[in-house]
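Since the structure comes first, as C-alpha cells, the remarks are kept for the end.
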Amino acid sequence: MGLSPRPDTRLIDTSSNEPWITTKLDAFVNWGRKNSLWPMPFGTACCAIEFMATAASKYDLARFGMERQAFSPRQADLLICAGRVPFKLAPVLRRIWQQMPQPKWCISMGACASTGGMFDNYAVVQGIDSIIPVDVYVPGCPPRPEGLLYGIMMLQKKVANERSGDPSLRNEMEPDPDTQLYIPPSVIDEVSEPFGNSIHQTRSGL
Amino acid sequence: MTEGDAVNGVNRDGSFAPVIAGSALGATAAPATPRNVPNRGGAPNESIEPMRQQFATAVRRVDVVWGETTVVVDPTRVHDVIRWLHDDPSQRYDYLSDVTAVEFRDLEQPLEVVWHLRSLPYRRFIRIKVLLERGAALEVPSVWDIYKGADWLERECYDMFGIKFAGHPDLRRLLMWEQYNEGFPLRKDFPLRGRFSRSEQLRQALAANPEARYSKEELSIADAFEDLPADMRRRLTTGERTGE
Ligand code: SF4
C-alpha cells in the first residue's frame, strides 16, 4: 500500500493475507484530504499567469494530488484567489465561497489578493480576507511557482493537523445581515489605512 | 458587386462587404513608416480643407502634432461634423477607435471630449475635440446613431467623467457597478481612494446582487425569459438591479 507508516500508526500482523491497521480517524481522514485537494483557481489578474505556470508540466500541481482542477465551486475544496479583486467582483467572490461545500480552504495568492497590493485606490478590495476567510497568504508580486507550492504545502500541513473535535473547524461564517460584513467596519478601516506612497495621493490639492 | 455599393459594410443582397484598407486610394504605393515628422506643424490631414469649406466657423482650431491632426469643433456642430466625415464618399471615416475625455489639473482649462476616427479606405486618422467650458453642463451629442460601437465607449466615458451623451439609448455605468454613488473616478476632484471609508465601500459593493446587474437585452435571454426563476423574472421586468 502507498501508506507510509506515521508515528501514530501501528501496522499489525503484516504476514496475514488481509493486513489491517489501527490509526486515528483524524490522521486517516486528513491524510486523504490533504493529498486530494481540488483547487478552484479564481484568477483575476497577472498572478493567474503564474498559477498556470504552477499547474503546467514544469512545476506540476498534480504531484500534490491536485490533478483535478475544479472550475465549479460546488466541486472544489480549495479556492486559490490569484489576482486583485475589484469591489465589483466582491459579491461574486463571496457568492463563490458560499457555494463551496465544507470542508473548504482558501489561499490568497499575491500581494493584491492579500492586501490590495499597489492598488490602494477606489476600485480594489484591500485584501480578500475582508470578504472571505483566508487560510494561507502567499506574498509576492507575483509569487513564483515555488512560492505558491510552498503555500500549498503549508496548507497541506494545516489540513493534516486538523482535529475533528475542534468545534471551530467547519464553522460557516455568516456575515452580518445588515452590512454583509463579517469583520467589524472599524477593523476594516484600520487594516486598510493608506501606507507608503498612497498617503500622498491627494497632493494635487483639488 | 463593387465595394461602393455597400452601405455600412453590408451589400444590397445582405452579404457582408469587407472594407479594404487603402482601396479608395487606387494604385498608391503601400504606406511606409514616415520619417522626419515635425513635432508641431506639417501638412494637416486631407479632410481639413473640405471640412473648412463645409462647416466654416464651426471648425475652431486645427493642430498638427507629430503628423496627427486634431480639430477642435463647435460643440453644437460636432455631430454634424462626424456624420459628414462618416457619410461623405470623399471621407469615409468608417471606424471609431475611441471616445474619451481629458480633464486638466489647471481648473481654468475646459474639459475636452475626444473622438478618434479612422478612415480605412483613405488611410486617414483624425482626432475631433470639443471643449466643455467650466460651469456649463457636461453634455455632448452621442454618435451612437452613426457608429454602434460608440455604445460602450460613451458609457465608459460617462462612468469615469460624468459626461452625458445626449441620444445614447442606454447611458449607464459600464466599469463601476450601477449603484456606485461616489462620483466619477477620473475627475481631478475625485480622491484616489474614493470618497467613502473602506468599510462603507465594501458594504455597498457586497450589497449588490451579482446576478441582477445586467439588462434583459444584455443577457440575450429574452427568449428564455419564461424559464428563469420567478425572482429573477420579477427583477428583470421591474428594472430592479440590486435584488434587495
Ligand atoms: S500581486 Fe502583482 S502579479 Fe499578482 S495580481 Fe497583483 S499586480 Fe499582478
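In the C-alpha cells, chains take the letters A, B, ... in the order shown, each chain's residues start at 1, and ligands count up from 1 in the order shown.
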
Neighbourhood of ligand 1 at 8 Å, counting only C-alpha atoms and all ligand atoms, reported as a list in words: Thr44, Ala45, Cys46, Cys47, Ala48, Glu50, Ala82, Gly83, Arg84, Met109, Gly110, Ala111, Cys112, Ala113, Gly116, Gly117, Met118, Pro139, Gly140, Cys141, Pro142 and Pro143 of chain A

Taking a cut-off of 7 Å and counting only C-alpha atoms, can you build a table that, for each residue of chain A near chain B, reports the nearest atom pair and how far apart they are in Å (one decimal), sorted by chain then residue number, as a tab-separated table?
residue	atom	partner	partner_atom	distance
A:Phe87	CA	B:Ala205	CA	5.7
A:Lys88	CA	B:Trp177	CA	6.1
A:Ala90	CA	B:Leu206	CA	6.1
A:Pro91	CA	B:Leu206	CA	4.8
A:Val92	CA	B:Pro210	CA	6.0
A:Asp120	CA	B:Arg193	CA	6.5
A:Asn121	CA	B:Arg193	CA	4.2
A:Tyr122	CA	B:Arg193	CA	4.2
A:Thr179	CA	B:Arg203	CA	5.6
A:Gln180	CA	B:Arg203	CA	6.3
A:Leu181	CA	B:Arg203	CA	6.6
A:Pro185	CA	B:Ser199	CA	5.0
A:Ile188	CA	B:Ser199	CA	5.6
A:Asp189	CA	B:Arg198	CA	5.5
A:Ser192	CA	B:Arg198	CA	7.0
A:Gln201	CA	B:Leu192	CA	6.4
A:Thr202	CA	B:Pro191	CA	6.3
A:Leu206	CA	B:Asp189	CA	5.3

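For the residues B:Tyr158, B:Tyr95, B:Phe165, B:Trp152, ranking by smallest atom-to-atom distance to B:Arg187 using only C-alpha atoms places B:Tyr158 first.
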
Run DSSP on the backbone and grab whatever in stretch 43-102 of chain B lands in strand (DSSP E); send it over as a count of residues only. 21

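Residue neighbourhood of A:Arg170, excluding near-sequence residues (fewer than 2 positions): Gln102, Pro103, Ser168 and Glu172 of chain A, at 7 Å, using only C-alpha atoms.
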
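Proximity to B:Gly167 was assessed for B:Ala43, B:Val143, B:Ala150, B:Ile128 counting only C-alpha atoms; the smallest distance is recorded for B:Val143.
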
Show me, as a PyMOL selection string, the residues that have an atom within 8 Å of stretch 61-72 of chain B when counting only C-alpha atoms, minus same-chain residues fewer than 6 positions from it. chain B and resi 37-45+125-131

Take the residues just selected and output them with all heavy atoms as a tab-separated table (two decimals), in the first residue's frame.
chain	number	residue	atom	x	y	z
B	37	VAL	N	9.17	63.42	-39.08
B	37	VAL	CA	7.91	64.11	-38.87
B	37	VAL	C	8.15	65.23	-37.88
B	37	VAL	O	8.75	65.01	-36.83
B	37	VAL	CB	6.86	63.13	-38.29
B	37	VAL	CG1	5.53	63.82	-38.12
B	37	VAL	CG2	6.73	61.93	-39.18
B	38	PRO	N	7.74	66.46	-38.19
B	38	PRO	CA	7.96	67.56	-37.23
B	38	PRO	C	7.05	67.43	-36.03
B	38	PRO	O	5.95	66.88	-36.14
B	38	PRO	CB	7.63	68.82	-38.05
B	38	PRO	CG	6.68	68.34	-39.10
B	38	PRO	CD	7.04	66.92	-39.40
B	39	ASN	N	7.51	67.94	-34.88
B	39	ASN	CA	6.70	67.89	-33.67
B	39	ASN	C	5.43	68.69	-33.86
B	39	ASN	O	4.33	68.19	-33.69
B	39	ASN	CB	7.54	68.44	-32.51
B	39	ASN	CG	6.75	68.55	-31.23
B	39	ASN	OD1	5.60	68.15	-31.18
B	39	ASN	ND2	7.36	69.07	-30.21
B	40	ARG	N	5.57	69.95	-34.26
B	40	ARG	CA	4.40	70.80	-34.49
B	40	ARG	C	4.41	71.23	-35.94
B	40	ARG	O	5.46	71.39	-36.53
B	40	ARG	CB	4.43	72.04	-33.61
B	40	ARG	CG	4.47	71.69	-32.16
B	40	ARG	CD	3.31	72.30	-31.43
B	40	ARG	NE	3.08	71.57	-30.20
B	40	ARG	CZ	1.90	71.41	-29.65
B	40	ARG	NH1	0.82	71.89	-30.22
B	40	ARG	NH2	1.78	70.75	-28.52
B	41	GLY	N	3.24	71.43	-36.50
B	41	GLY	CA	3.14	71.88	-37.87
B	41	GLY	C	3.20	70.71	-38.82
B	41	GLY	O	3.05	69.56	-38.42
B	42	GLY	N	3.45	70.99	-40.07
B	42	GLY	CA	3.41	69.93	-41.06
B	42	GLY	C	2.05	69.93	-41.74
B	42	GLY	O	1.13	70.64	-41.32
B	43	ALA	N	1.94	69.13	-42.78
B	43	ALA	CA	0.70	69.14	-43.57
B	43	ALA	C	-0.43	68.50	-42.77
B	43	ALA	O	-0.25	67.41	-42.24
B	43	ALA	CB	0.93	68.39	-44.87
B	44	PRO	N	-1.59	69.17	-42.66
B	44	PRO	CA	-2.72	68.53	-41.98
B	44	PRO	C	-3.36	67.45	-42.85
B	44	PRO	O	-3.07	67.35	-44.05
B	44	PRO	CB	-3.68	69.69	-41.72
B	44	PRO	CG	-3.37	70.68	-42.77
B	44	PRO	CD	-1.92	70.52	-43.11
B	45	ASN	N	-4.19	66.68	-42.21
B	45	ASN	CA	-5.00	65.67	-42.86
B	45	ASN	C	-5.75	66.25	-44.07
B	45	ASN	O	-6.23	67.38	-44.01
B	45	ASN	CB	-5.99	65.22	-41.77
B	45	ASN	CG	-6.81	64.05	-42.18
B	45	ASN	OD1	-7.23	63.97	-43.31
B	45	ASN	ND2	-7.04	63.17	-41.25
B	125	PHE	N	-6.35	59.37	-40.40
B	125	PHE	CA	-6.71	59.39	-38.98
B	125	PHE	C	-6.99	60.83	-38.59
B	125	PHE	O	-6.27	61.74	-39.00
B	125	PHE	CB	-5.56	58.83	-38.14
B	125	PHE	CG	-5.79	58.97	-36.67
B	125	PHE	CD1	-6.58	58.06	-35.98
B	125	PHE	CD2	-5.25	60.03	-35.96
B	125	PHE	CE1	-6.82	58.20	-34.63
B	125	PHE	CE2	-5.48	60.17	-34.61
B	125	PHE	CZ	-6.27	59.25	-33.95
B	126	ILE	N	-8.04	61.04	-37.83
B	126	ILE	CA	-8.34	62.40	-37.39
B	126	ILE	C	-8.84	62.35	-35.95
B	126	ILE	O	-9.45	61.36	-35.54
B	126	ILE	CB	-9.37	63.06	-38.33
B	126	ILE	CG1	-9.37	64.57	-38.13
B	126	ILE	CG2	-10.76	62.50	-38.10
B	126	ILE	CD1	-10.13	65.29	-39.23
B	127	ARG	N	-8.49	63.41	-35.21
B	127	ARG	CA	-8.92	63.48	-33.81
B	127	ARG	C	-9.82	64.70	-33.67
B	127	ARG	O	-9.41	65.81	-34.01
B	127	ARG	CB	-7.69	63.60	-32.91
B	127	ARG	CG	-7.99	63.53	-31.45
B	127	ARG	CD	-6.73	63.70	-30.62
B	127	ARG	NE	-5.79	62.59	-30.77
B	127	ARG	CZ	-4.57	62.68	-31.27
B	127	ARG	NH1	-4.10	63.83	-31.68
B	127	ARG	NH2	-3.78	61.62	-31.35
B	128	ILE	N	-11.05	64.49	-33.25
B	128	ILE	CA	-12.01	65.58	-33.09
B	128	ILE	C	-12.10	65.91	-31.61
B	128	ILE	O	-12.21	65.00	-30.78
B	128	ILE	CB	-13.41	65.15	-33.58
B	128	ILE	CG1	-13.34	64.52	-34.96
B	128	ILE	CG2	-14.38	66.32	-33.55
B	128	ILE	CD1	-13.22	65.47	-36.06
B	129	LYS	N	-12.07	67.21	-31.29
B	129	LYS	CA	-12.20	67.59	-29.88
B	129	LYS	C	-13.30	68.62	-29.72
B	129	LYS	O	-13.52	69.45	-30.61
B	129	LYS	CB	-10.89	68.21	-29.37
B	129	LYS	CG	-9.84	67.21	-28.99
B	129	LYS	CD	-8.70	67.89	-28.28
B	129	LYS	CE	-7.61	66.87	-27.96
B	129	LYS	NZ	-6.49	67.49	-27.27
B	130	VAL	N	-13.94	68.55	-28.56
B	130	VAL	CA	-14.91	69.56	-28.18
B	130	VAL	C	-14.50	70.07	-26.81
B	130	VAL	O	-14.11	69.27	-25.95
B	130	VAL	CB	-16.32	68.92	-28.15
B	130	VAL	CG1	-17.20	69.62	-27.17
B	130	VAL	CG2	-16.94	68.95	-29.52
B	131	LEU	N	-14.52	71.37	-26.61
B	131	LEU	CA	-14.15	71.92	-25.30
B	131	LEU	C	-15.43	72.24	-24.53
B	131	LEU	O	-16.30	72.94	-25.04
B	131	LEU	CB	-13.31	73.19	-25.46
B	131	LEU	CG	-12.10	73.10	-26.37
B	131	LEU	CD1	-11.28	74.38	-26.29
B	131	LEU	CD2	-11.23	71.91	-26.00

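Here atom CA of B:Leu138 stands at a distance of 5.1 Å from atom CA of B:Ile163.
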
Atom-to-atom span, atom CA of A:Pro145 and atom CA of A:Ala53, Å: 6.7 Å

So that I can see what lies close to A:Ile96, please list as a PyMOL selection string the residues with an atom at most 12 Å from it, counting only C-alpha atoms and leaving out residues fewer than 5 positions away in the same chain. (chain A and resi 40-42+71-81+89-91+101+104+106+131-132) or (chain B and resi 210)

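Across A:Ile183, A:Leu155, A:Gly147, A:Asp178, the tightest approach to A:Pro133 is made by A:Ile183 when counting only C-alpha atoms.
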
Write out as a PyMOL selection string which residues come within 8 Å of stretch 23-39 of chain A when counting only C-alpha atoms, dropping same-chain ones fewer than 4 positions away. chain A and resi 8-10+64-70+75-80+156-157+159-164

Stretch 74-105 of chain B: residues DSSP assigns to alpha helix (DSSP H), reported as a ChimeraX atom specification: /B:78-87

Output N, CA and C atoms for every residue in that selection, as a tab-separated table (two decimals), in the first residue's frame.
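The new file again_8.tsv reads:
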chain	number	residue	atom	x	y	z
B	78	VAL	N	-20.71	69.24	-33.55
B	78	VAL	CA	-19.81	68.08	-33.61
B	78	VAL	C	-20.50	66.87	-34.21
B	79	HIS	N	-21.79	66.72	-33.94
B	79	HIS	CA	-22.49	65.57	-34.50
B	79	HIS	C	-22.56	65.68	-36.02
B	80	ASP	N	-22.81	66.90	-36.53
B	80	ASP	CA	-22.86	67.08	-37.98
B	80	ASP	C	-21.51	66.79	-38.61
B	81	VAL	N	-20.45	67.26	-37.94
B	81	VAL	CA	-19.11	67.05	-38.49
B	81	VAL	C	-18.81	65.55	-38.58
B	82	ILE	N	-19.11	64.83	-37.51
B	82	ILE	CA	-18.79	63.40	-37.51
B	82	ILE	C	-19.69	62.67	-38.50
B	83	ARG	N	-20.94	63.06	-38.58
B	83	ARG	CA	-21.84	62.48	-39.58
B	83	ARG	C	-21.29	62.68	-40.99
B	84	TRP	N	-20.81	63.90	-41.25
B	84	TRP	CA	-20.27	64.18	-42.57
B	84	TRP	C	-19.00	63.36	-42.82
B	85	LEU	N	-18.12	63.29	-41.83
B	85	LEU	CA	-16.89	62.51	-42.00
B	85	LEU	C	-17.22	61.04	-42.28
B	86	HIS	N	-18.28	60.55	-41.69
B	86	HIS	CA	-18.63	59.15	-41.88
B	86	HIS	C	-19.30	58.92	-43.23
B	87	ASP	N	-20.23	59.84	-43.62
B	87	ASP	CA	-21.08	59.57	-44.78
B	87	ASP	C	-20.48	60.03	-46.10

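All residues of protein, DNA or RNA that reach within 12 Å of B:Arg92, judged by only C-alpha atoms and not counting those fewer than 6 positions away in the chain, are Gly4, Val7, Asn8, Gly9, Val19, Ala21, Gly22, Ser23, Ala24, Leu25, Ser47, Ile82, Arg83, Trp84, Leu85, His86, Leu117, Arg118, Ser119, Leu120, Pro121, Tyr122, Arg123, Arg124, Phe125, Ile126 and Ile146 of chain B.
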
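With distances restricted to only C-alpha atoms, B:Pro141 is the closest residue to B:His168 from B:Pro141, B:Pro34, B:Pro75, B:Gly14.
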